[in-house]
Structure formats: structure tokens, C-alpha cells
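Q: Next up, query.cif (mmCIF, C-alpha atoms and all ligand atoms).
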```cif
data_model
loop_
_atom_site.label_atom_id
_atom_site.label_comp_id
_atom_site.auth_asym_id
_atom_site.auth_seq_id
_atom_site.Cartn_x
_atom_site.Cartn_y
_atom_site.Cartn_z
CA MET L 1 -14.68 -17.60 8.30
CA ASN L 2 -11.25 -18.34 9.75
CA ILE L 3 -8.95 -15.62 8.51
CA SER L 4 -5.28 -14.99 9.16
CA ILE L 5 -3.50 -11.69 8.68
CA LEU L 6 0.27 -11.59 8.19
CA GLY L 7 1.55 -8.23 9.45
CA SER L 8 0.40 -6.33 12.51
CA GLY L 9 1.14 -2.76 11.45
CA SER L 10 -1.46 -0.05 11.00
CA TRP L 11 -3.24 -1.60 8.00
CA GLY L 12 -3.11 -5.22 9.16
CA THR L 13 -4.45 -4.24 12.58
CA SER L 14 -7.16 -2.00 11.15
CA MET L 15 -8.37 -4.69 8.72
CA GLY L 16 -8.15 -7.19 11.58
CA LYS L 17 -10.61 -5.05 13.51
CA VAL L 18 -12.96 -4.77 10.51
CA LEU L 19 -12.93 -8.52 9.88
CA ALA L 20 -13.31 -9.47 13.55
CA ASN L 21 -16.20 -7.01 13.88
CA ASN L 22 -17.74 -8.60 10.76
CA GLY L 23 -17.96 -11.76 12.88
CA HIS L 24 -14.95 -13.69 11.60
CA SER L 25 -12.42 -15.52 13.69
CA VAL L 26 -9.18 -13.64 12.99
CA LYS L 27 -5.58 -14.51 13.84
CA ILE L 28 -2.96 -11.84 13.25
CA TRP L 29 0.72 -12.74 12.95
CA THR L 30 3.34 -10.40 14.32
CA ARG L 31 7.08 -10.90 14.74
CA ASP L 32 7.08 -8.74 17.85
CA GLU L 33 6.20 -10.25 21.26
CA LYS L 34 5.26 -6.84 22.67
CA VAL L 35 2.87 -6.10 19.80
CA LYS L 36 1.32 -9.55 20.28
CA ASN L 37 0.65 -8.84 23.96
CA ASN L 38 -0.70 -5.37 23.20
CA ILE L 39 -3.16 -6.64 20.58
CA ASN L 40 -4.30 -9.45 22.86
CA ASN L 41 -4.86 -6.83 25.56
CA GLY L 42 -7.14 -4.85 23.19
CA GLU L 43 -4.95 -2.12 21.64
CA ASN L 44 -1.98 -1.74 19.27
CA PRO L 45 -0.70 1.62 20.56
CA HIS L 46 2.43 1.75 18.40
CA PHE L 47 0.50 1.50 15.11
CA LEU L 48 -3.13 2.34 15.87
CA PRO L 49 -3.31 4.31 19.12
CA GLY L 50 -6.68 4.86 20.78
CA ILE L 51 -8.50 2.10 18.89
CA THR L 52 -10.07 -0.67 20.96
CA LEU L 53 -9.59 -4.04 19.31
CA PRO L 54 -12.18 -6.83 19.49
CA LYS L 55 -11.58 -10.02 21.47
CA ASN L 56 -11.93 -12.26 18.39
CA LEU L 57 -8.80 -10.67 16.91
CA ILE L 58 -6.04 -12.85 18.32
CA ALA L 59 -2.34 -12.16 17.85
CA THR L 60 0.38 -14.80 17.66
CA THR L 61 4.11 -14.81 16.86
CA ASP L 62 3.85 -18.34 15.43
CA ILE L 63 3.30 -18.01 11.67
CA LYS L 64 2.48 -21.73 11.27
CA LYS L 65 -0.17 -21.48 13.99
CA ALA L 66 -1.51 -18.29 12.43
CA THR L 67 -2.05 -19.87 9.01
CA ASP L 68 -3.11 -23.36 10.08
CA LYS L 69 -6.82 -24.21 9.56
CA THR L 70 -7.50 -20.90 7.89
CA GLU L 71 -9.56 -20.25 4.74
CA VAL L 72 -8.10 -16.86 3.88
CA ILE L 73 -4.60 -15.45 4.28
CA VAL L 74 -4.35 -11.65 4.21
CA LEU L 75 -0.95 -10.15 3.36
CA ALA L 76 -0.27 -6.91 5.26
CA VAL L 77 3.50 -6.53 5.38
CA PRO L 78 5.50 -4.01 3.32
CA SER L 79 5.90 -5.10 -0.30
CA GLN L 80 9.67 -5.75 -0.07
CA ALA L 81 8.96 -8.21 2.79
CA VAL L 82 6.15 -10.18 1.13
CA ARG L 83 8.44 -12.79 -0.47
CA SER L 84 10.35 -13.64 2.72
CA VAL L 85 7.12 -13.81 4.76
CA ILE L 86 5.18 -16.12 2.43
CA GLU L 87 8.22 -18.37 2.10
CA LYS L 88 7.65 -19.20 5.79
CA ILE L 89 4.07 -20.46 5.48
CA ASP L 90 2.86 -23.99 4.92
CA TYR L 91 0.52 -23.08 2.04
CA LYS L 92 -2.55 -25.23 1.41
CA ASP L 93 -4.24 -23.35 -1.43
CA GLN L 94 -6.07 -20.91 0.84
CA ILE L 95 -7.47 -17.73 -0.71
CA ILE L 96 -4.84 -14.97 -0.59
CA VAL L 97 -6.00 -11.36 -0.18
CA ASN L 98 -3.16 -8.90 -0.58
CA LEU L 99 -3.21 -5.46 1.06
CA SER L 100 0.37 -4.51 0.26
CA LYS L 101 0.99 -1.76 -2.31
CA GLY L 102 4.33 -1.90 -4.06
CA ILE L 103 6.67 -3.37 -6.66
CA GLU L 104 9.49 -5.73 -5.67
CA ILE L 105 12.74 -3.89 -6.44
CA ASN L 106 14.96 -6.85 -7.41
CA THR L 107 12.50 -8.45 -9.82
CA GLY L 108 10.19 -5.61 -10.86
CA TYR L 109 7.29 -7.90 -9.90
CA LEU L 110 3.85 -6.81 -8.73
CA ILE L 111 2.73 -8.61 -5.55
CA SER L 112 0.53 -11.02 -7.56
CA ASP L 113 3.67 -12.11 -9.43
CA VAL L 114 5.64 -12.55 -6.21
CA VAL L 115 2.84 -14.76 -4.81
CA LYS L 116 2.64 -16.77 -8.03
CA ASP L 117 6.42 -17.20 -7.97
CA VAL L 118 6.61 -18.44 -4.37
CA LEU L 119 3.28 -20.19 -3.73
CA LYS L 120 2.39 -21.12 -7.34
CA SER L 121 -1.07 -19.83 -6.52
CA GLU L 122 -3.61 -17.95 -8.59
CA ASN L 123 -6.17 -18.12 -5.80
CA TYR L 124 -5.34 -14.49 -5.24
CA PHE L 125 -7.02 -11.09 -4.90
CA SER L 126 -5.72 -7.62 -4.20
CA LEU L 127 -7.62 -5.11 -2.05
CA SER L 128 -6.74 -1.52 -2.91
CA GLY L 129 -8.12 2.00 -3.12
CA PRO L 130 -8.37 5.10 -0.89
CA SER L 131 -8.28 3.62 2.61
CA HIS L 132 -6.15 5.06 5.38
CA ALA L 133 -5.98 2.65 8.31
CA GLU L 134 -6.65 5.45 10.80
CA GLU L 135 -10.08 6.16 9.22
CA VAL L 136 -11.08 2.57 8.46
CA ALA L 137 -10.41 1.69 12.11
CA ARG L 138 -12.88 4.43 13.10
CA ASP L 139 -15.56 3.11 10.71
CA ILE L 140 -15.39 6.21 8.53
CA PRO L 141 -17.18 5.39 5.23
CA THR L 142 -14.59 3.97 2.84
CA SER L 143 -14.89 2.44 -0.64
CA VAL L 144 -12.26 0.14 -2.10
CA VAL L 145 -11.66 -2.32 -4.92
CA LEU L 146 -11.10 -6.07 -4.75
CA ALA L 147 -9.22 -7.13 -7.87
CA GLY L 148 -8.86 -10.58 -9.36
CA LYS L 149 -10.61 -13.25 -11.35
CA GLU L 150 -14.37 -12.69 -11.10
CA ASP L 151 -15.20 -16.14 -9.75
CA LYS L 152 -17.17 -17.38 -6.73
CA ASN L 153 -14.26 -16.63 -4.38
CA ILE L 154 -14.16 -12.93 -5.28
CA LYS L 155 -17.90 -12.67 -4.52
CA LYS L 156 -17.36 -14.48 -1.22
CA ILE L 157 -14.52 -12.17 -0.13
CA GLN L 158 -16.43 -9.09 -1.30
CA LYS L 159 -19.39 -10.12 0.88
CA GLU L 160 -17.42 -11.26 3.94
CA PHE L 161 -15.03 -8.29 4.04
CA SER L 162 -17.69 -5.57 3.44
CA ASN L 163 -19.81 -3.83 6.01
CA VAL L 164 -21.94 -0.67 6.22
CA SER L 165 -18.90 1.59 6.33
CA PHE L 166 -16.52 -0.51 4.23
CA ARG L 167 -17.85 -0.89 0.69
CA ILE L 168 -16.03 -3.18 -1.73
CA TYR L 169 -16.36 -3.12 -5.52
CA THR L 170 -14.84 -5.90 -7.60
CA ASN L 171 -12.58 -5.27 -10.59
CA PRO L 172 -11.15 -8.00 -12.88
CA ASP L 173 -8.14 -5.82 -13.80
CA LEU L 174 -5.65 -7.18 -11.25
CA LYS L 175 -2.57 -5.70 -12.94
CA GLY L 176 -4.13 -2.24 -13.30
CA VAL L 177 -5.24 -2.16 -9.67
CA GLU L 178 -1.86 -3.32 -8.37
CA VAL L 179 0.14 -0.86 -10.48
CA SER L 180 -2.12 2.00 -9.36
CA GLY L 181 -1.75 1.17 -5.66
CA ALA L 182 2.01 0.90 -6.01
CA VAL L 183 2.84 4.01 -8.01
CA LYS L 184 0.47 6.45 -6.31
CA ASN L 185 2.84 6.34 -3.32
CA ILE L 186 5.58 7.94 -5.44
CA TYR L 187 3.37 10.92 -6.23
CA ALA L 188 2.23 11.21 -2.61
CA ILE L 189 5.89 11.80 -1.71
CA ALA L 190 6.04 14.49 -4.40
CA ALA L 191 2.85 16.00 -2.93
CA GLY L 192 4.55 16.19 0.46
CA VAL L 193 7.49 18.02 -1.11
CA ILE L 194 5.02 20.56 -2.55
CA ASP L 195 3.33 20.94 0.86
CA SER L 196 6.70 21.72 2.43
CA MET L 197 7.10 24.62 -0.02
CA GLY L 198 3.93 26.24 1.29
CA ASN L 199 0.79 24.32 0.30
CA TRP L 200 0.82 25.28 -3.36
CA ASP L 201 -2.68 24.34 -4.59
CA ASN L 202 -2.03 24.90 -8.31
CA THR L 203 1.09 22.78 -8.20
CA LYS L 204 -0.64 19.99 -6.26
CA ALA L 205 -3.53 19.82 -8.73
CA ALA L 206 -1.11 19.68 -11.66
CA LEU L 207 0.92 17.00 -9.89
CA ILE L 208 -2.13 14.77 -9.32
CA THR L 209 -3.26 15.18 -12.93
CA ARG L 210 0.13 14.53 -14.52
CA ALA L 211 0.73 11.66 -12.05
CA SER L 212 -2.38 9.97 -13.43
CA VAL L 213 -0.84 10.23 -16.92
CA GLU L 214 2.40 8.62 -15.73
CA MET L 215 0.34 5.95 -13.92
CA THR L 216 -1.44 5.12 -17.18
CA ARG L 217 1.87 4.88 -19.04
CA ILE L 218 3.48 2.41 -16.64
CA GLY L 219 0.13 0.64 -16.30
CA LYS L 220 0.21 -0.08 -20.03
CA TYR L 221 3.63 -1.71 -19.59
CA PHE L 222 2.19 -4.08 -16.96
CA GLY L 223 -0.91 -4.78 -19.06
CA GLY L 224 -3.50 -2.91 -16.96
CA LYS L 225 -6.64 -1.35 -18.39
CA LYS L 226 -6.91 2.41 -18.93
CA GLU L 227 -10.29 2.68 -17.14
CA THR L 228 -8.81 1.33 -13.91
CA TYR L 229 -6.67 4.46 -13.47
CA ALA L 230 -9.86 6.56 -13.43
CA GLY L 231 -11.30 4.40 -10.63
CA LEU L 232 -10.92 4.05 -6.87
CA ALA L 233 -7.56 2.26 -7.04
CA GLY L 234 -6.19 4.85 -9.48
CA ILE L 235 -7.25 8.46 -9.16
CA GLY L 236 -9.15 7.70 -5.92
CA ASP L 237 -6.06 6.53 -4.06
CA LEU L 238 -3.90 9.18 -5.72
CA ILE L 239 -6.18 11.92 -4.35
CA VAL L 240 -6.32 10.56 -0.82
CA THR L 241 -2.60 9.90 -0.46
CA CYS L 242 -1.57 13.21 -2.00
CA THR L 243 -3.87 15.19 0.30
CA SER L 244 -4.25 13.26 3.56
CA GLN L 245 -2.88 14.20 6.95
CA HIS L 246 -2.55 10.43 7.56
CA SER L 247 -0.37 9.61 4.57
CA ARG L 248 3.02 8.20 5.45
CA ASN L 249 4.31 8.87 1.94
CA ARG L 250 3.13 12.48 1.93
CA TYR L 251 4.75 12.97 5.36
CA PHE L 252 8.04 11.55 4.07
CA GLY L 253 7.90 14.00 1.14
CA GLU L 254 7.28 16.93 3.48
CA GLN L 255 10.43 16.07 5.44
CA LEU L 256 12.38 15.65 2.20
CA GLY L 257 11.23 19.08 1.04
CA ARG L 258 12.46 20.57 4.32
CA GLY L 259 15.95 19.37 3.44
CA LYS L 260 16.14 16.19 5.52
CA LYS L 261 17.95 13.20 4.04
CA LEU L 262 16.58 9.69 3.48
CA ASP L 263 18.27 7.99 6.48
CA GLU L 264 17.42 10.83 8.82
CA ILE L 265 13.70 10.69 7.90
CA LEU L 266 13.57 6.90 8.07
CA GLU L 267 14.93 7.05 11.61
CA SER L 268 12.05 9.28 12.67
CA MET L 269 9.32 7.12 11.07
CA ASN L 270 7.78 4.01 12.62
CA MET L 271 5.71 3.00 9.59
CA VAL L 272 6.53 2.16 6.01
CA ALA L 273 6.39 4.76 3.20
CA GLU L 274 6.28 2.41 0.21
CA GLY L 275 6.99 5.09 -2.40
CA ILE L 276 10.63 5.25 -1.25
CA TYR L 277 11.12 1.69 -2.58
CA THR L 278 8.63 1.69 -5.44
CA VAL L 279 10.33 4.71 -7.00
CA LYS L 280 13.48 2.60 -7.30
CA ALA L 281 11.62 -0.21 -9.06
CA VAL L 282 9.81 2.28 -11.33
CA HIS L 283 13.06 4.12 -12.11
CA ASN L 284 14.60 0.84 -13.35
CA ILE L 285 11.52 -0.21 -15.34
CA ALA L 286 11.00 3.24 -16.91
CA LEU L 287 14.65 3.55 -17.94
CA LYS L 288 14.85 0.05 -19.38
CA ASN L 289 11.57 0.29 -21.29
CA LYS L 290 11.78 3.98 -22.24
CA ILE L 291 8.56 4.91 -20.41
CA GLU L 292 8.23 8.67 -20.00
CA MET L 293 7.77 9.33 -16.27
CA PRO L 294 9.44 12.69 -15.56
CA ILE L 295 7.93 13.28 -12.11
CA ALA L 296 8.79 9.81 -10.83
CA GLN L 297 12.31 10.04 -12.29
CA LYS L 298 12.91 13.46 -10.76
CA LEU L 299 11.71 12.27 -7.37
CA TYR L 300 14.12 9.35 -7.63
CA GLU L 301 16.95 11.85 -8.11
CA VAL L 302 15.82 13.90 -5.12
CA ILE L 303 15.73 10.84 -2.83
CA TYR L 304 18.76 8.92 -4.08
CA ASN L 305 21.01 11.47 -5.85
CA ASP L 306 20.50 14.33 -3.39
CA ILE L 307 19.09 16.76 -5.97
CA ASN L 308 17.63 19.82 -4.26
CA PRO L 309 13.77 19.59 -4.31
CA LYS L 310 13.36 23.23 -5.47
CA LYS L 311 15.81 22.60 -8.31
CA ALA L 312 13.90 19.43 -9.21
CA ILE L 313 10.61 21.38 -9.50
CA HIS L 314 12.35 24.03 -11.60
CA GLU L 315 13.77 21.37 -13.92
CA LEU L 316 10.33 19.76 -14.36
CA MET L 317 8.73 23.14 -15.12
CA THR L 318 11.35 24.11 -17.70
CA ARG L 319 11.28 20.97 -19.86
CA ASN L 320 10.46 21.43 -23.54
CA LEU L 321 6.94 22.81 -23.99
CA LYS L 322 4.53 20.29 -25.50
CA SER L 323 0.93 19.30 -26.15
CA GLU L 324 -1.06 17.83 -23.24
N1 LIG L 401 -1.51 2.12 6.55
C1 LIG L 401 -2.45 2.28 5.63
O1 LIG L 401 -3.36 3.12 5.78
C2 LIG L 401 -2.45 1.44 4.41
C3 LIG L 401 -1.37 0.64 4.06
N2 LIG L 401 -1.39 -0.09 2.91
C4 LIG L 401 -0.29 -0.94 2.54
O2 LIG L 401 -0.22 -2.04 3.45
C5 LIG L 401 1.16 -2.47 3.61
C6 LIG L 401 1.49 -2.46 5.10
O3 LIG L 401 1.40 -1.10 5.50
P1 LIG L 401 1.24 -0.61 7.00
O4 LIG L 401 0.41 -1.54 7.80
O5 LIG L 401 0.86 0.81 6.91
O6 LIG L 401 2.75 -0.70 7.46
P2 LIG L 401 3.33 -0.54 8.94
O7 LIG L 401 4.70 0.01 8.79
O8 LIG L 401 2.34 0.14 9.79
O9 LIG L 401 3.44 -2.06 9.43
C7 LIG L 401 4.18 -3.01 8.74
C8 LIG L 401 4.08 -4.34 9.45
O10 LIG L 401 4.84 -5.31 8.73
C9 LIG L 401 5.84 -5.85 9.58
N3 LIG L 401 7.08 -6.10 8.85
C10 LIG L 401 7.89 -5.18 8.27
N4 LIG L 401 8.93 -5.79 7.66
C11 LIG L 401 8.77 -7.10 7.89
C12 LIG L 401 9.52 -8.24 7.54
N5 LIG L 401 10.65 -8.16 6.82
N6 LIG L 401 9.08 -9.45 7.95
C13 LIG L 401 7.96 -9.55 8.66
N7 LIG L 401 7.19 -8.51 9.03
C14 LIG L 401 7.60 -7.31 8.64
C15 LIG L 401 6.05 -4.81 10.66
O11 LIG L 401 6.60 -5.43 11.79
P3 LIG L 401 7.68 -4.69 12.72
O12 LIG L 401 6.90 -3.64 13.47
O13 LIG L 401 8.19 -5.78 13.56
O14 LIG L 401 8.70 -4.09 11.81
C16 LIG L 401 4.63 -4.33 10.86
O15 LIG L 401 3.90 -5.25 11.62
C17 LIG L 401 2.00 -1.47 2.78
O16 LIG L 401 2.26 -2.05 1.55
C18 LIG L 401 1.08 -0.26 2.62
O17 LIG L 401 1.35 0.46 1.45
C19 LIG L 401 -2.47 -0.09 2.08
C20 LIG L 401 -3.57 0.68 2.39
C21 LIG L 401 -3.66 1.48 3.57
O1 LIG L 402 -2.46 3.46 0.63
C1 LIG L 402 -2.83 4.20 1.51
C2 LIG L 402 -4.16 4.80 1.54
O2 LIG L 402 -5.00 4.26 0.58
C3 LIG L 402 -1.87 4.57 2.59
O3 LIG L 402 -1.05 5.54 2.10
P1 LIG L 402 0.25 5.97 2.93
O4 LIG L 402 1.11 4.72 2.99
O5 LIG L 402 0.86 7.07 2.20
O6 LIG L 402 -0.21 6.34 4.30
#
```
Would you kindly transcribe this structure into C-alpha cells?
Ligand SMILES: NC(=O)C1=CN([C@@H]2O[C@H](COP(=O)(O)OP(=O)(O)OC[C@H]3O[C@@H](n4cnc5c(N)ncnc54)[C@H](OP(=O)(O)O)[C@@H]3O)[C@@H](O)[C@H]2O)C=CC1
Ligand SMILES: O=C(CO)COP(=O)(O)O
A:
Amino acid sequence: MNISILGSGSWGTSMGKVLANNGHSVKIWTRDEKVKNNINNGENPHFLPGITLPKNLIATTDIKKATDKTEVIVLAVPSQAVRSVIEKIDYKDQIIVNLSKGIEINTGYLISDVVKDVLKSENYFSLSGPSHAEEVARDIPTSVVLAGKEDKNIKKIQKEFSNVSFRIYTNPDLKGVEVSGAVKNIYAIAAGVIDSMGNWDNTKAALITRASVEMTRIGKYFGGKKETYAGLAGIGDLIVTCTSQHSRNRYFGEQLGRGKKLDEILESMNMVAEGIYTVKAVHNIALKNKIEMPIAQKLYEVIYNDINPKKAIHELMTRNLKSE
């Protein structure tokens, strides 16, 4: 297949390697000339150091060239950038496969809604689940979910994107999968805060469990199915991001817990931590629709209202006692 990937960060590059090694002809769009040259020379050291990239993964800075004569367009830019990027393409009803995990702040839209809004397309799938780029690029066995209408296209993408170490399940619950992938990043930041306090295992386990409850609550608002939150895109991704050494969100939370401020941490990071933005969108949605999400709301206050992380944990622990 001819596949184009929009976004040449860690996930776009890693999936580019998988797809090129699966035998596809892959073009990857980057806005950075240096990244283009690096990828075409066989490595993307800024985002995926030490990984040799195949020759049939070709980088270009020309988005029209990247998406021309392609059957599948893969979205791999941060969620807040998806709208402006897809506005640039000359869309011809290609299959869209989204990798981005987030909620657009201004609209409260999931990525499927942003794509529908801009491209008027429903020829759309979302790939989500526990899948750090650093491990996928090293062919470490990984299982994910491809969400969308269960038609012939989903079967085709499932087959063409899978390989012996990258196993794809399908799931018709697009909303549930997208909400899960977006909100788990919030709790990964909270997990990082806990790690900064001294790797508190009890607290981390409680966080992951109660996060899955909050995920189910906001999932209901978006119309997702309860079972999805118990699957790879839900609890699966929650576990990996809250515990992984690779997680950008967990790292951000660790720095936050050590007393660093938002701008200071952002300056030291070269990759996106989506939870920083998704927590804003979730804060607005939860307030407006009276959805009980105490952990997400408290994290919002820590990031944006400068509440001390220790005080935030104390406040969560001393809420009114209640039934599970
Ligand atoms: N990394 C991972 O393991 C995984 C990531 N994801 C999700 O995939 C998405 C991408 O993540 P990831 O690859 O890690 O992110 P990175 O920060 O590694 O890379 C982001 C890429 O998007 C580009 N980009 C950023 N802003 C814009 C913009 N406004 N217009 C055009 N291009 C832009 C960046 O270019 P530049 O360098 O020029 O800024 C860079 O190429 C996120 O939603 C993330 O949650 C999902 C699963 C796994
Ligand atoms: O979504 C991911 C793994 O499934 C990546 O998580 P981080 O952005 O926290 O690294």
C-alpha cells in the first residue's frame, strides 16, 4: 500500500518503521528540513535515537507531495495540531488512521470529530492502546486496538498494519477508544507526581483504579461503551503510561511533583505530553456537565492554579468518605 504519515515525532517515526518493514511504501511528512534529512539518512536521532530506519520510509517537507497518490493517511501530530495540519491537505477520501490521543481544547472534540468537521470524512479509524514508540520501534511484542466501523477497510488496515510483534484487535467503539486514549494521559501525569514523592505503590494502585472509574464517567458523556475501558485502550494504556520509564506524561508529572512549574518543564521537554492539554478540555467538560472527576480536577489545579502537589493529594484523601 501507499501510506503517508503526517508527523515525524517519536510515534510517527516508529509507526513509519513498522509500516515500511511490513512492505509498504511510506512517505512521512515533517515540517523540519533537518528531521527530513535525518530520516532519509536512516535515523531520527532527536525523536528515536539508535533506531535504524528502512529505506522505503521516505521523508518530505511537502505535505501535498506526501499525501498525493496515497491510500491511507496516518495522523501522528499532537492533538491540538490535528485541525491545522489536515486543513493543509488536498483530501480525496483516503482512509484516515489516527494515532493522536487527545481532546481539542477549544471545541471539546475527540479527534474523530475534528476530522469529520474539517474533511467531512467518516472513512476513519483510530489506533490506540499500550504502545510506547521506543518499544514498538524495537519490535517488542505490543497489542493495540483499531477502532471504527467494522467494514472491509478496518479488516484491511488491521491486516496491513499488523506483524508478528504488533498485534491489532478491532473494536467498533470509536468514542470509547478515543476517550480512553485521551484521558489516560491525565492520570499518567498524576502517576509521575506520586513517583516524585517516593514511588508509593499503594497510592499508584489506587490512582490507576480510581482513574478507570473517572474514565468510565467521562466515557459515558461521549457515548463510549463500558467494556472498552476494561480493554487495551482503557486499562491497558492506563497501566503502561502510569508505570513506564518511557512515558512523557509520567515524566512531566515527576517534574511537577518536584516543584517545577509548567513553563520550566515544557522548556526541558522535546516531545509532547498530551495530558497537559487534555486536562484543560476535561476540566471544562466535567465542570459544565457535572461529571465527578476529582483526580483530573485536582491535577488541573496543580498545573494551572499552582496548588502544591502534596496539598492536592491531602485534599483528595480527605474528601467525604463514601461507598466505592
Ligand atoms: N510517543 C508515543 O509512544 C505515542 C504517542 N502517541 C500519540 O501520538 C501523538 C504524537 O505523539 P509523539 O509522536 O510522541 O509526539 P512528538 O512530540 O514526539 O512529535 C510530534 C510531531 O508532531 C509535529 N508537530 C507538533 N506540532 C505541530 C504543528 N502545529 N504542526 C505540524 N506538526 C506539528 C512535531 O514537529 P516539530 O518537531 O517540528 O515540532 C513532531 O514531528 C500524540 O497525540 C501522542 O499522545 C500515541 C501512542 C504512543
Ligand atoms: O500513549 C502512549 C503509550 O501508549 C504514550 O504515552 P506518553 O505520551 O505518556 O509517552
Q: With all atoms listed in the file as the atoms that count, which of L:Ala191, L:Glu267, L:Ala273, L:Leu262 lies nearest to L:Ala296?
A: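 For L:Ala296, the nearest of the candidates is L:Ala191.
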Q: Residues contacting ligand LIG 402 (chain L) - anything with an atom at most 7 Å away, using only C-alpha atoms and all ligand atoms - can you give me those as number ranges by chain?
A: L: 101, 128-132, 181, 185, 188, 237, 240-241, 246-250, 272-274
Q: I need the residue nearest L:Ile313 from this list: L:Lys149, L:Lys88, L:Lys204, L:Lys260. Use all atoms listed in the file for the distance.
A: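 Smallest distance to L:Ile313 is found for L:Lys204.
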Q: Within 7 Å of ligand LIG 401 (chain L) (counting only C-alpha atoms and all ligand atoms), which residues show up? I'd like them as a PyMOL selection string.
A: chain L and resi 7-12+30-32+47+76-79+81+84-85+99-102+128+131-134+270-274
Q: Write out the residues from the selection above, keeping C-alpha atoms, as a PDB file, in the coordinates of the input.
A:
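The resulting file, result.pdb, is shown below:
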```pdb
ATOM      1  CA  GLY L   7       1.550  -8.230   9.450  1.00  0.00           C
ATOM      2  CA  SER L   8       0.400  -6.330  12.510  1.00  0.00           C
ATOM      3  CA  GLY L   9       1.140  -2.760  11.450  1.00  0.00           C
ATOM      4  CA  SER L  10      -1.460  -0.050  11.000  1.00  0.00           C
ATOM      5  CA  TRP L  11      -3.240  -1.600   8.000  1.00  0.00           C
ATOM      6  CA  GLY L  12      -3.110  -5.220   9.160  1.00  0.00           C
ATOM      7  CA  THR L  30       3.340 -10.400  14.320  1.00  0.00           C
ATOM      8  CA  ARG L  31       7.080 -10.900  14.740  1.00  0.00           C
ATOM      9  CA  ASP L  32       7.080  -8.740  17.850  1.00  0.00           C
ATOM     10  CA  PHE L  47       0.500   1.500  15.110  1.00  0.00           C
ATOM     11  CA  ALA L  76      -0.270  -6.910   5.260  1.00  0.00           C
ATOM     12  CA  VAL L  77       3.500  -6.530   5.380  1.00  0.00           C
ATOM     13  CA  PRO L  78       5.500  -4.010   3.320  1.00  0.00           C
ATOM     14  CA  SER L  79       5.900  -5.100  -0.300  1.00  0.00           C
ATOM     15  CA  ALA L  81       8.960  -8.210   2.790  1.00  0.00           C
ATOM     16  CA  SER L  84      10.350 -13.640   2.720  1.00  0.00           C
ATOM     17  CA  VAL L  85       7.120 -13.810   4.760  1.00  0.00           C
ATOM     18  CA  LEU L  99      -3.210  -5.460   1.060  1.00  0.00           C
ATOM     19  CA  SER L 100       0.370  -4.510   0.260  1.00  0.00           C
ATOM     20  CA  LYS L 101       0.990  -1.760  -2.310  1.00  0.00           C
ATOM     21  CA  GLY L 102       4.330  -1.900  -4.060  1.00  0.00           C
ATOM     22  CA  SER L 128      -6.740  -1.520  -2.910  1.00  0.00           C
ATOM     23  CA  SER L 131      -8.280   3.620   2.610  1.00  0.00           C
ATOM     24  CA  HIS L 132      -6.150   5.060   5.380  1.00  0.00           C
ATOM     25  CA  ALA L 133      -5.980   2.650   8.310  1.00  0.00           C
ATOM     26  CA  GLU L 134      -6.650   5.450  10.800  1.00  0.00           C
ATOM     27  CA  ASN L 270       7.780   4.010  12.620  1.00  0.00           C
ATOM     28  CA  MET L 271       5.710   3.000   9.590  1.00  0.00           C
ATOM     29  CA  VAL L 272       6.530   2.160   6.010  1.00  0.00           C
ATOM     30  CA  ALA L 273       6.390   4.760   3.200  1.00  0.00           C
ATOM     31  CA  GLU L 274       6.280   2.410   0.210  1.00  0.00           C
TER      32      GLU L 274
END
```
Q: Residues near L:Val279, anyone? I mean within 9 Å using only C-alpha atoms, not counting same-chain ones fewer than 5 positions away, as a PyMOL selection string.
A: chain L and resi 103+105+183+185-186+274+284+296-297+299-300
Q: Neighbours of L:Asn199 within 12 Å (all atoms listed in the file; same-chain residues fewer than 6 positions away dropped), as a list in words?
A: Ala191, Gly192, Val193, Ala205, Cys242, Thr243, Glu254 and Gly257 of chain L
Q: Please, could you write that set of residues out with C-alpha atoms as a PDB file, in the frame of the given file?
A:
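Saved result, out30.pdb, follows:
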```pdb
ATOM      1  CA  ALA L 191       2.850  16.000  -2.930  1.00  0.00           C
ATOM      2  CA  GLY L 192       4.550  16.190   0.460  1.00  0.00           C
ATOM      3  CA  VAL L 193       7.490  18.020  -1.110  1.00  0.00           C
ATOM      4  CA  ALA L 205      -3.530  19.820  -8.730  1.00  0.00           C
ATOM      5  CA  CYS L 242      -1.570  13.210  -2.000  1.00  0.00           C
ATOM      6  CA  THR L 243      -3.870  15.190   0.300  1.00  0.00           C
ATOM      7  CA  GLU L 254       7.280  16.930   3.480  1.00  0.00           C
ATOM      8  CA  GLY L 257      11.230  19.080   1.040  1.00  0.00           C
TER       9      GLY L 257
END
```
Q: Out of L:Asn21, L:Ser112, L:Asn41, L:Thr70, which residue has the shortest atom-to-atom distance to L:Asn56 when counting all atoms listed in the file?
A: L:Asn21
Q: Just the number, please: distance in Å from atom CA of L:Ser143 to atom CA of L:Val179, one decimal.
A: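 One can read the atom CA of L:Ser143 to atom CA of L:Val179 distance as 18.3 Å.
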Q: Could you check which of L:Thr278, L:Ser25, L:Asn308, L:Asn320 is closest to L:Ile189, using all atoms listed in the file?
A: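 For L:Ile189, the nearest of the candidates is L:Thr278.
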Q: Would you pick out the contacts of L:Ile154 at 8 Å or less, using only C-alpha atoms, so that residues sharing its chain but fewer than 6 positions from it are not included, and give the list as number ranges by chain?
A: L: 125, 146, 148, 170
Q: Keeping only C-alpha atoms, write the selected residues as an mmCIF file, in the frame of the given file.
A:
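Once written, selection37.cif looks like this:
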```cif
data_model
loop_
_atom_site.group_PDB
_atom_site.id
_atom_site.type_symbol
_atom_site.label_atom_id
_atom_site.label_comp_id
_atom_site.auth_asym_id
_atom_site.auth_seq_id
_atom_site.Cartn_x
_atom_site.Cartn_y
_atom_site.Cartn_z
ATOM 1 C CA PHE L 125 -7.020 -11.090 -4.900
ATOM 2 C CA LEU L 146 -11.100 -6.070 -4.750
ATOM 3 C CA GLY L 148 -8.860 -10.580 -9.360
ATOM 4 C CA THR L 170 -14.840 -5.900 -7.600
#
```
Q: Find the residues around L:Leu256 up to 8 Å (only C-alpha atoms counted), leave out those fewer than 3 positions away in its own chain, and share them as a VMD selection string.
A: chain L and resid 193 252 to 253 259 to 262 265 303 309
Q: Taking into account all atoms listed in the file, which residue in the set L:Glu214, L:Glu160, L:Asp201, L:Glu315 is nearest to L:Asn22?
A: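 The shortest atom-to-atom distance to L:Asn22 comes from L:Glu160.
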Q: Please indicate the distance in Å from atom CA of L:Asn171 to atom CA of L:Gly231, rounded to one decimal place.
A: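 Result for atom CA of L:Asn171 versus atom CA of L:Gly231: 9.8 Å, one decimal.
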Q: Let me make sure I understand: among L:Ile239, L:Met1, L:Ile194, L:Leu53, which one has the smallest atom-to-atom distance to L:Val18 if we use only C-alpha atoms?
A: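 Under the stated criterion, the closest residue is L:Leu53.
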Q: Quick one: pull the distance between atom CA of L:Leu316 and atom CA of L:Lys288, Å, one decimal.
A: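 The value is 20.8 Å.
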